[in-house]
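Here's the structure, in structure tokens; my notes come after.
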Amino acid sequence: MDWTSTIYGSYGPSLQRVMDGLVERIQAYSADVKEKSGEAAYEHLLYRIKSPDSMMEKCLRKGLPQTAYSALHDIHDAIGLRIVCCFLDDIYRNIEAIKAIPGVRVVEEKDYIQNVKPNGYRSYHMIIDIEAPYEDVEGNNPGHFFAEIQLRTIAMDSWASLEHQMKYKHDIKNPEMIVRELKRCADELAACDLSMQTIRNLIHADH
Ligand code: GTP
Ligand code: MG
């Protein structure tokens with residue numbers, strides 16, 4: 001029994017292997033891009049299996065039984081990746097590269113860059129279904145495993161980290177002002193992302 005078995009049952013090790021396989025694929029195309037263009041596909045990549053505690057909490061919050069079936073079939077972010085990019089264009093290049101990975105099928109896309117959340121949150125979210133040579137929670141082998149991939153720029157990522165931290169601080173005296181200021185910061189960072197993209201395009205046009 002491994003540490004994830006409380007909620008993931010016997011599927012924890014497969015989940016880990018599926019995630020590792022996906023990460024390897026992404027690192028492989030990134031190395032390719034770097035070799036061909038001299039520039040990295042992304043700035044950094046984070047990944048995690050959702051902790052059993054937070055998966056249990058999510059099942060509860062969604063009114064689902066705390067079972068491996070809920071965690072792996074009804075909830076789609078047991079595997080989570082975050083790809084942080086230097087430039088806006090890189091986000092869309094990574095999306096195309098992910099879609100081209102064999103065995104990957106996109107099941108949901110949320111473009112919070114075009115459709116900014118009211119609080120200013122920006123990011124591109126994808127839920128993918130990965131076919132892999134392990135039994136899944138429905139008994140299929142090869143099985144199907146979901147993963148959530150979040151793609152954002154460094155600026156979007158820094159805003160999301162700070163906003164996330166502050167959400168958990170209590171005793172905020174003037175919430176409307178805080179919300180407005182956070183939104184303003186997000187919009188300023190978005191303007192910087194556009195400027196940085198323009199500067200990059202100008203540099204490339206010169207070469
Ligand atoms: P779930 O059922 O929890 O998956 O909700 P959802 O599918 O409506 O969530 P969504 O795909 O919009 O976002 C899921 C993840 O995106 C969260 O766990 C966060 O990591 C991130 N996220 C979404 N909105 C915000 C936000 O306003 N602020 C920050 N900091 N992160 C956010
Ligand atoms: Mg979600």
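Residue names in the structure tokens use chain letters A, B, ... in the order shown, residue numbers from 1 in each chain, and ligand numbers from 1 in the order shown.
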
Can you list every residue of chain A that has an atom at most 8 Å from ligand 1, with its nearest atom pair and the distance in Å to one decimal, using only C-alpha atoms and all ligand atoms, ordered by chain then number, as a Markdown table?
```
| residue | atom | partner | partner_atom_place_in_ligand_line | distance |
| --- | --- | --- | --- | --- |
| A:Lys58 | CA | ligand 1 | 3 (O) | 7.2 |
| A:Lys62 | CA | ligand 1 | 2 (O) | 7.7 |
| A:Ile75 | CA | ligand 1 | 2 (O) | 7.4 |
| A:His76 | CA | ligand 1 | 4 (O) | 7.3 |
| A:Asp77 | CA | ligand 1 | 4 (O) | 6.8 |
| A:Lys110 | CA | ligand 1 | 11 (O) | 7.0 |
| A:Lys117 | CA | ligand 1 | 27 (O) | 6.8 |
| A:Asn119 | CA | ligand 1 | 27 (O) | 6.3 |
| A:Gly120 | CA | ligand 1 | 27 (O) | 7.3 |
| A:Tyr121 | CA | ligand 1 | 27 (O) | 5.0 |
| A:Arg122 | CA | ligand 1 | 25 (C) | 8.0 |
| A:Ser123 | CA | ligand 1 | 16 (O) | 7.9 |
| A:His125 | CA | ligand 1 | 11 (O) | 6.2 |
| A:Gln150 | CA | ligand 1 | 16 (O) | 7.3 |
| A:Trp159 | CA | ligand 1 | 30 (N) | 7.3 |
| A:Ala160 | CA | ligand 1 | 30 (N) | 3.8 |
| A:Ser161 | CA | ligand 1 | 30 (N) | 5.7 |
| A:Leu162 | CA | ligand 1 | 30 (N) | 7.2 |
| A:Glu163 | CA | ligand 1 | 30 (N) | 5.2 |
| A:His164 | CA | ligand 1 | 30 (N) | 4.1 |
| A:Gln165 | CA | ligand 1 | 30 (N) | 7.9 |
```

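All residues of protein, DNA or RNA that reach within 10 Å of region 12-15 of chain A, judged by only C-alpha atoms and not counting those fewer than 4 positions away in the chain, are Met1, Asp2, Trp3, Thr4, Ser5, Thr6, Ile7, Tyr8, Met19, Asp20, Gly21, Ile49, Ala68, Leu72, Ala78, Ile79, Ala132, Pro133, Tyr134, Glu135, Asp136, Gly143, Phe145, Phe146 and Ala147 of chain A.
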
Which is closer to Arg152 (chain A) than all the others in A:Arg105, A:Arg200, A:His207, A:Arg93, using only C-alpha atoms? A:Arg93

Name the residues in contact with region 39-47 of chain A at a cut-off of 7 Å, using only C-alpha atoms, excluding same-chain residues fewer than 4 positions from it; report them as a ChimeraX atom specification. /A:30,33-34,80-86,90,94

If you count only C-alpha atoms, which residues fall within 12 Å of Glu188 (chain A), apart from same-chain ones fewer than 4 positions away, as a ChimeraX atom specification? /A:120,155-156,159,181-184,192-195

Grab the residues selected above and save them as a compact mmCIF listing (two decimals), in the first residue's frame with N, CA and C atoms.
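Once everything was written out, this is result_13.txt:
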```txt
# COMPACT_ATOMS: atom_id res chain seq x y z
N GLY A 120 -9.58 38.88 -12.37
CA GLY A 120 -8.32 39.18 -13.07
C GLY A 120 -7.48 37.95 -13.36
N ALA A 155 4.22 36.30 -15.59
CA ALA A 155 3.44 37.39 -14.97
C ALA A 155 2.11 36.86 -14.41
N MET A 156 1.41 36.06 -15.21
CA MET A 156 0.13 35.48 -14.75
C MET A 156 0.36 34.60 -13.53
N TRP A 159 1.00 36.65 -10.32
CA TRP A 159 -0.26 37.20 -9.82
C TRP A 159 -1.07 36.09 -9.12
N GLU A 181 -8.03 46.45 -6.51
CA GLU A 181 -6.58 46.63 -6.68
C GLU A 181 -5.92 45.38 -7.27
N LEU A 182 -6.40 44.22 -6.84
CA LEU A 182 -5.87 42.96 -7.40
C LEU A 182 -6.16 42.88 -8.90
N LYS A 183 -7.38 43.26 -9.25
CA LYS A 183 -7.80 43.25 -10.66
C LYS A 183 -6.92 44.22 -11.46
N ARG A 184 -6.68 45.38 -10.86
CA ARG A 184 -5.86 46.38 -11.55
C ARG A 184 -4.43 45.84 -11.79
N CYS A 192 1.85 44.26 -19.64
CA CYS A 192 3.29 43.96 -19.74
C CYS A 192 3.53 42.74 -20.62
N ASP A 193 2.70 41.70 -20.44
CA ASP A 193 2.85 40.50 -21.27
C ASP A 193 2.74 40.85 -22.75
N LEU A 194 1.78 41.72 -23.08
CA LEU A 194 1.60 42.13 -24.49
C LEU A 194 2.83 42.89 -24.98
N SER A 195 3.34 43.79 -24.14
CA SER A 195 4.52 44.57 -24.54
C SER A 195 5.73 43.66 -24.73
```

Using DSSP on the backbone coordinates, identify all residues within chain A classified as strand (DSSP E); present the result as a ChimeraX atom specification. /A:44-49,79-85,104-111,124-132,143-153

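Take the candidates A:Ile149, A:Met166, A:Leu60, A:Val116 and check each one against Ala186 (chain A) using only C-alpha atoms; the shortest distance goes to A:Val116.
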
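Here CA of Glu24 (chain A) stands at a distance of 15.8 Å from CA of Ile128 (chain A).
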
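Each of A:Leu22, A:Tyr124, A:Lys36, A:Ala71 was checked against Pro102 (chain A) using only C-alpha atoms; the smallest atom-to-atom distance is that of A:Leu22.
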
Which residue gives the smallest distance to Val18 (chain A) among A:Ala191, A:Met196, A:Gly38, A:Gly103, with only C-alpha atoms counted? A:Gly103

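Within region 72-160 of chain A, the backbone-based DSSP assignment of helix (DSSP H, G or I) covers Leu72, His73, Asp74, Leu88, Asp89, Asp90, Ile91, Tyr92, Arg93, Asn94, Ile95, Glu96, Ala97, Ile98, Lys99, Ile154, Ala155, Met156, Asp157, Ser158, Trp159 and Ala160 of chain A.
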
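Between CA of Pro118 (chain A) and CA of Lys167 (chain A) the separation is 15.0 Å.
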
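Ranking A:Ile98, A:Arg17, A:Glu148, A:Ser10 by their shortest atom-to-atom distance to ligand 2, with only C-alpha atoms and all ligand atoms included, puts A:Glu148 first.
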